[in-house]
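**Q** Questions regarding the structure given below will be posed in turn.
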Amino acid sequence: MVHPSVPRHEPGSDRPRRPPRRTPPAGGKKAPPILAMQRLAGNQAVVTGVTSRSGRTVELVVPGRQHRGLAMLDAADVRARMPRFADLRAALTDKKLRIPEAVIKTAVTQLLDRMAKENRLKSKDPVPTLVAKIFPAPGKISEAAFNKALDPADRTQIYQTVLDAHTTIKKADAAKLKVLMKDAGDLMAKASGDAAGLAAVFGGQAAVAKARYASGRTALAAAAADLDKHVTTDYNLDDPETFLGGWAQHSTQMMHLLASVVKGTDPPESKATLVHEASHLGHGSVDDLGYYGTPAFEAMSEADKVNNAAHYEELPRRLLGVSAFAGHTFTPGTKKGGGAVTRLDIVRKIASDHLQHAWDAASDAHMWVRGVRTSWLTKKDTTPFTTDKALILELSRFSDMTVHQQAAAHARITSLDVVIIESIVRAMGLIGNLVTAEPLPAGPFSDKGAADVMVAEAIKKYGQLLKNPARDKALVDWLAAHFRSLPSPP
Ligand SMILES: [Zn+2]
């Protein structure tokens, strides 16, 4: 996430586009060659701050930095979640899976701890007390105690169904979305006609940027003309939970938008997001090389800017009054205030990139695991599981999912596992935000060594990953190592 060379915690920032997928073994569904997916994390909440303060980046917690995840915590629709009681009980009592009760209790404890960390539980009881009440005796699980800890009707607390997480736009939302898309296209037309603005943002690449605004606008209009074919959204609220802001895929001309973007909860932000996605759809070279407002965003080279979707947001944002750089002429190598890039900037960027890659891979893992479960739920298709079983087991071991603890012959992805990986994605986003506040560690570290210390410290500050520093770091490193290499959802 959260984003490319920089973390996704800035206004309008989003995630890097999606990686080339590995092709599954014969028999599996062939993955599209290059999924130019990209995600926008936390646009909504973050930008609220920006728009309300005259276009300036708001410092939420850490001086000088905007914290996407922390901002997201203020959004009413964001909470860490638990599976439905029935799903939890099913995991506990499944005679074939035979998941040890201790494993389930550990998972529930971790999930509740992560929710408690964000003050998201209905009950104020300490987590160990809640767990003791939910599991009153060996083999027993109490729905009444579960419902005291959590509101079973609240989708922001309870994971309802994977089937709503990736779906077409509801009729009631389609008309509004089309208006937003039209407005976004109009903004792109104005931007492409703004010679001075193009020069201020893209410098010597202004002519190329102008052409890309045009191709993006064309692609967006085509998508608006057939929403069912080109656009999906998420009514299960998986996206805000994991800070996923959407993605676009040039090869298929598909894009996935947050439900709040579709509904136009924050119209300027919806339009900026659509401009961003349109720039990916319009040209295959437009990637995510630095999200909007991330460190040194305005100092990027001209060659990078013209291939970076977030830079296409800038002129439309100026028109919408939600730019963080209004009136600024972007100069490669120079930050907005004129300051030079420091060693702290460099090391933080390495640490942020590492966690961004971990977040991105965790997000991929979440969508993949969710898809594996959906295949089983809807078609009783076990092929996606067996095809990638070894990797699923590896992920399960690293992240404390239950798959590797299940009876091997019957192992599958349970609802509990989907929720566990969802909470891991969320944790990566939160830790990614925390790391941007870390100071340079003392000692003769290399830049990479210093960044490693920062990552470990940020994990420690989060405190609710796996509660074992070595395993925590191993999980983060495993995810980062699998950046853009995990299977596509079936
Ligand atoms: Zn993007």
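Labeling convention for the structure tokens: chains A, B, ... as they appear, residues from 1 per chain, ligands from 1 in order of appearance.
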Which residues come within 8 Å of segment 206-219 of chain A, counting only C-alpha atoms, excluding same-chain residues fewer than 3 positions away, as an MDAnalysis selection string?
**A** chainID A and resid 185 188:189 191:193 195 198:199 201:203 222:223 253 275 278:283 306 312
**Q** Suppose we keep N, CA and C atoms; can you now write the selection as a CSV table (one decimal), in the first residue's frame?
**A**
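Saved the output as out-v3.csv:
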```
chain,number,residue,atom,x,y,z
A,185,GLY,N,-13.7,13.0,-16.0
A,185,GLY,CA,-13.3,13.2,-17.4
A,185,GLY,C,-13.2,14.6,-17.8
A,188,MET,N,-10.1,16.1,-16.5
A,188,MET,CA,-8.9,15.6,-17.3
A,188,MET,C,-8.8,16.4,-18.6
A,189,ALA,N,-10.0,16.8,-19.1
A,189,ALA,CA,-10.0,17.6,-20.4
A,189,ALA,C,-9.4,19.0,-20.1
A,191,ALA,N,-7.4,19.8,-17.6
A,191,ALA,CA,-6.0,19.6,-17.3
A,191,ALA,C,-5.2,19.5,-18.6
A,192,SER,N,-5.7,18.8,-19.5
A,192,SER,CA,-4.9,18.6,-20.7
A,192,SER,C,-4.9,19.9,-21.6
A,193,GLY,N,-5.8,20.8,-21.3
A,193,GLY,CA,-5.8,22.1,-22.0
A,193,GLY,C,-5.0,23.2,-21.2
A,195,ALA,N,-1.8,24.5,-20.4
A,195,ALA,CA,-0.4,24.4,-20.8
A,195,ALA,C,0.5,24.8,-19.6
A,198,LEU,N,0.4,22.1,-16.9
A,198,LEU,CA,1.2,20.9,-17.4
A,198,LEU,C,2.7,21.1,-17.2
A,199,ALA,N,3.1,22.3,-17.6
A,199,ALA,CA,4.5,22.6,-17.5
A,199,ALA,C,4.9,22.6,-16.0
A,201,VAL,N,3.8,21.0,-13.5
A,201,VAL,CA,3.8,19.7,-12.9
A,201,VAL,C,4.7,18.7,-13.6
A,202,PHE,N,4.6,18.7,-14.9
A,202,PHE,CA,5.4,17.7,-15.7
A,202,PHE,C,6.6,18.2,-16.4
A,203,GLY,N,6.9,19.5,-16.3
A,203,GLY,CA,8.1,20.0,-16.9
A,203,GLY,C,8.2,19.7,-18.4
A,222,ALA,N,-15.3,5.0,-21.7
A,222,ALA,CA,-15.7,3.7,-22.1
A,222,ALA,C,-16.2,2.9,-20.9
A,223,ALA,N,-15.5,3.0,-19.8
A,223,ALA,CA,-15.9,2.3,-18.6
A,223,ALA,C,-17.2,2.7,-18.1
A,253,GLN,N,-8.8,-3.4,-18.8
A,253,GLN,CA,-9.7,-2.2,-18.6
A,253,GLN,C,-10.7,-2.3,-17.5
A,275,VAL,N,-9.7,10.0,-11.6
A,275,VAL,CA,-8.7,10.5,-12.5
A,275,VAL,C,-7.4,9.6,-12.4
A,278,ALA,N,-8.2,6.3,-14.1
A,278,ALA,CA,-8.3,6.5,-15.5
A,278,ALA,C,-6.9,6.6,-16.1
A,279,SER,N,-5.9,7.2,-15.4
A,279,SER,CA,-4.6,7.4,-16.0
A,279,SER,C,-3.9,6.0,-16.1
A,280,HIS,N,-4.2,5.1,-15.2
A,280,HIS,CA,-3.7,3.7,-15.4
A,280,HIS,C,-4.4,3.0,-16.6
A,281,LEU,N,-5.8,3.2,-16.7
A,281,LEU,CA,-6.5,2.5,-17.7
A,281,LEU,C,-6.1,3.1,-19.1
A,282,GLY,N,-5.7,4.3,-19.1
A,282,GLY,CA,-5.4,5.0,-20.4
A,282,GLY,C,-4.1,4.6,-21.0
A,283,HIS,N,-3.1,4.3,-20.2
A,283,HIS,CA,-1.8,4.0,-20.8
A,283,HIS,C,-1.1,3.0,-19.9
A,306,VAL,N,5.8,11.4,-15.3
A,306,VAL,CA,4.9,11.2,-16.4
A,306,VAL,C,4.4,9.8,-16.4
A,312,TYR,N,-1.0,12.7,-12.1
A,312,TYR,CA,-2.1,13.1,-12.9
A,312,TYR,C,-3.3,13.6,-12.1
```
**Q** Which residues come within 8 Å of segment 257-266 of chain A, counting only C-alpha atoms, excluding same-chain residues fewer than 6 positions away, as a list of chain:residue names?
**A**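 Everything that qualifies: A:Gln44, A:Thr48, A:Ile169, A:Asp173, A:Ala174, A:Lys176, A:Leu177, A:Leu180, A:Val231, A:Thr232, A:Thr233, A:Asp234, A:Tyr235, A:Leu237, A:Asp239, A:Pro240, A:Leu244, A:Gly245, A:Gly246, A:Trp247, A:Thr273.
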**Q** Would you mind exporting the chosen residues as an mmCIF file, in the first residue's frame, restricted to C-alpha atoms?
**A**
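Writing the result to selection-v3.cif gives the following:
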```
data_model
loop_
_atom_site.group_PDB
_atom_site.id
_atom_site.type_symbol
_atom_site.label_atom_id
_atom_site.label_comp_id
_atom_site.auth_asym_id
_atom_site.auth_seq_id
_atom_site.Cartn_x
_atom_site.Cartn_y
_atom_site.Cartn_z
ATOM 1 C CA GLN A 44 -11.402 9.239 1.968
ATOM 2 C CA THR A 48 -11.117 15.048 4.597
ATOM 3 C CA ILE A 169 -22.240 -1.678 -8.937
ATOM 4 C CA ASP A 173 -25.337 3.702 -7.147
ATOM 5 C CA ALA A 174 -24.731 3.504 -10.896
ATOM 6 C CA LYS A 176 -24.270 8.755 -9.302
ATOM 7 C CA LEU A 177 -21.060 7.011 -10.256
ATOM 8 C CA LEU A 180 -18.672 11.340 -10.989
ATOM 9 C CA VAL A 231 -16.121 -1.628 -12.699
ATOM 10 C CA THR A 232 -16.444 -3.586 -9.470
ATOM 11 C CA THR A 233 -16.827 -2.511 -5.874
ATOM 12 C CA ASP A 234 -16.945 -3.929 -2.379
ATOM 13 C CA TYR A 235 -20.100 -3.784 -0.291
ATOM 14 C CA LEU A 237 -16.259 -3.299 3.508
ATOM 15 C CA ASP A 239 -11.417 -2.455 1.373
ATOM 16 C CA PRO A 240 -11.600 0.167 4.114
ATOM 17 C CA LEU A 244 -7.300 -0.843 -0.011
ATOM 18 C CA GLY A 245 -8.501 2.048 -2.065
ATOM 19 C CA GLY A 246 -9.118 0.335 -5.356
ATOM 20 C CA TRP A 247 -7.149 -0.772 -8.326
ATOM 21 C CA THR A 273 -9.467 8.718 -7.451
#
```
**Q** Mind checking which residues fall within 6 Å of segment 111-124 of chain A, counting only C-alpha atoms, ignoring those fewer than 2 positions away in the same chain, and posting them as a list in words?
**A**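 Returned residues: Ala80, Val108, Thr109, Ala149, Leu150 and Gln464 of chain A.
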**Q** Quick one: pick out all strand (DSSP E) residues within segment 144-302 of chain A from a backbone DSSP run and write them as a PyMOL selection string.
**A** chain A and resi 158-159+231-234+246-249+254-258
**Q** Go through A:Leu466, A:Val103, A:Met181, A:Ala145 and flag the residue nearest Ala427 of chain A, using only C-alpha atoms for the distances.
**A**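 Of A:Leu466, A:Val103, A:Met181, A:Ala145, the one nearest Ala427 of chain A, counting only C-alpha atoms, is A:Leu466.
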**Q** I'd like the contact shell of segment 357-365 of chain A - 6 Å cut-off, only C-alpha atoms, skipping same-chain residues fewer than 5 positions apart - returned as a PyMOL selection string.
**A** chain A and resi 1+425+428-429+476+479-480+483
**Q** Go ahead and compute the interatomic distance for atom CA of Ile141 of chain A and atom CA of Arg89 of chain A, in Å to one decimal.
**A** 6.9 Å
**Q** Where does DSSP see alpha helix (DSSP H) in segment 239-419 of chain A, if you list the residues as a PyMOL selection string?
**A** chain A and resi 239-242+259-263+267-282+302-305+309-320+343-379+383-387+389-399+415-419
**Q** So how many Å separate atom CA of Ala310 of chain A and atom CA of Arg348 of chain A, to one decimal?
**A**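 Here the two named atoms are 20.4 Å from each other.
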**Q** Env of Ser301 of chain A: 10 Å cut, atoms = only C-alpha atoms, seq-sep filter 2 positions within chain, self excluded. Answer as number ranges by chain.
**A** A: 202-203, 297-299, 303-306, 330-334
**Q** I want to know what sits within 9 Å of Leu92 of chain A, based on only C-alpha atoms, with residues of the same chain fewer than 2 positions away left out; could you give that as a list of chain:residue names?
**A**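 Residues meeting the cut-off are A:Asp87, A:Leu88, A:Arg89, A:Ala90, A:Asp94, A:Lys95, A:Leu97, A:Arg98, A:Ile99, A:Pro100, A:Glu101, A:Ile104, A:Gly139, A:Lys140, A:Ile141.
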**Q** For the selection you just gave me, I'd like the residues written to a file as an mmCIF file, in the first residue's frame, keeping N, CA and C atoms.
**A**
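The resulting file, selection-v9.cif, is reproduced below:
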```cif
data_model
loop_
_atom_site.group_PDB
_atom_site.id
_atom_site.type_symbol
_atom_site.label_atom_id
_atom_site.label_comp_id
_atom_site.auth_asym_id
_atom_site.auth_seq_id
_atom_site.Cartn_x
_atom_site.Cartn_y
_atom_site.Cartn_z
ATOM 1 N N ASP A 87 -19.793 -18.946 11.983
ATOM 2 C CA ASP A 87 -18.586 -19.390 11.281
ATOM 3 C C ASP A 87 -17.502 -19.808 12.272
ATOM 4 N N LEU A 88 -17.430 -19.059 13.364
ATOM 5 C CA LEU A 88 -16.445 -19.383 14.383
ATOM 6 C C LEU A 88 -16.765 -20.748 15.014
ATOM 7 N N ARG A 89 -18.047 -20.933 15.323
ATOM 8 C CA ARG A 89 -18.457 -22.200 15.921
ATOM 9 C C ARG A 89 -18.219 -23.352 14.944
ATOM 10 N N ALA A 90 -18.472 -23.082 13.677
ATOM 11 C CA ALA A 90 -18.251 -24.129 12.674
ATOM 12 C C ALA A 90 -16.777 -24.528 12.624
ATOM 13 N N ASP A 94 -15.879 -28.353 13.608
ATOM 14 C CA ASP A 94 -15.790 -29.149 12.384
ATOM 15 C C ASP A 94 -15.006 -30.443 12.653
ATOM 16 N N LYS A 95 -15.720 -31.565 12.495
ATOM 17 C CA LYS A 95 -15.113 -32.868 12.831
ATOM 18 C C LYS A 95 -14.019 -33.256 11.838
ATOM 19 N N LEU A 97 -12.080 -30.918 9.993
ATOM 20 C CA LEU A 97 -10.918 -30.013 10.086
ATOM 21 C C LEU A 97 -10.104 -30.277 11.350
ATOM 22 N N ARG A 98 -10.810 -30.566 12.439
ATOM 23 C CA ARG A 98 -10.156 -30.851 13.731
ATOM 24 C C ARG A 98 -9.109 -29.787 14.101
ATOM 25 N N ILE A 99 -9.530 -28.529 14.064
ATOM 26 C CA ILE A 99 -8.608 -27.467 14.495
ATOM 27 C C ILE A 99 -8.558 -27.497 16.024
ATOM 28 N N PRO A 100 -7.364 -27.585 16.598
ATOM 29 C CA PRO A 100 -7.290 -27.609 18.064
ATOM 30 C C PRO A 100 -7.950 -26.366 18.668
ATOM 31 N N GLU A 101 -8.671 -26.577 19.756
ATOM 32 C CA GLU A 101 -9.362 -25.461 20.387
ATOM 33 C C GLU A 101 -8.398 -24.341 20.766
ATOM 34 N N ILE A 104 -7.883 -21.977 17.903
ATOM 35 C CA ILE A 104 -9.005 -21.053 17.700
ATOM 36 C C ILE A 104 -8.982 -19.955 18.762
ATOM 37 N N GLY A 139 -14.475 -27.257 24.555
ATOM 38 C CA GLY A 139 -15.473 -27.662 23.568
ATOM 39 C C GLY A 139 -16.714 -26.787 23.558
ATOM 40 N N LYS A 140 -16.775 -25.790 24.428
ATOM 41 C CA LYS A 140 -17.968 -24.937 24.504
ATOM 42 C C LYS A 140 -17.642 -23.540 23.956
ATOM 43 N N ILE A 141 -18.635 -22.946 23.302
ATOM 44 C CA ILE A 141 -18.475 -21.580 22.820
ATOM 45 C C ILE A 141 -19.800 -20.858 23.037
#
```
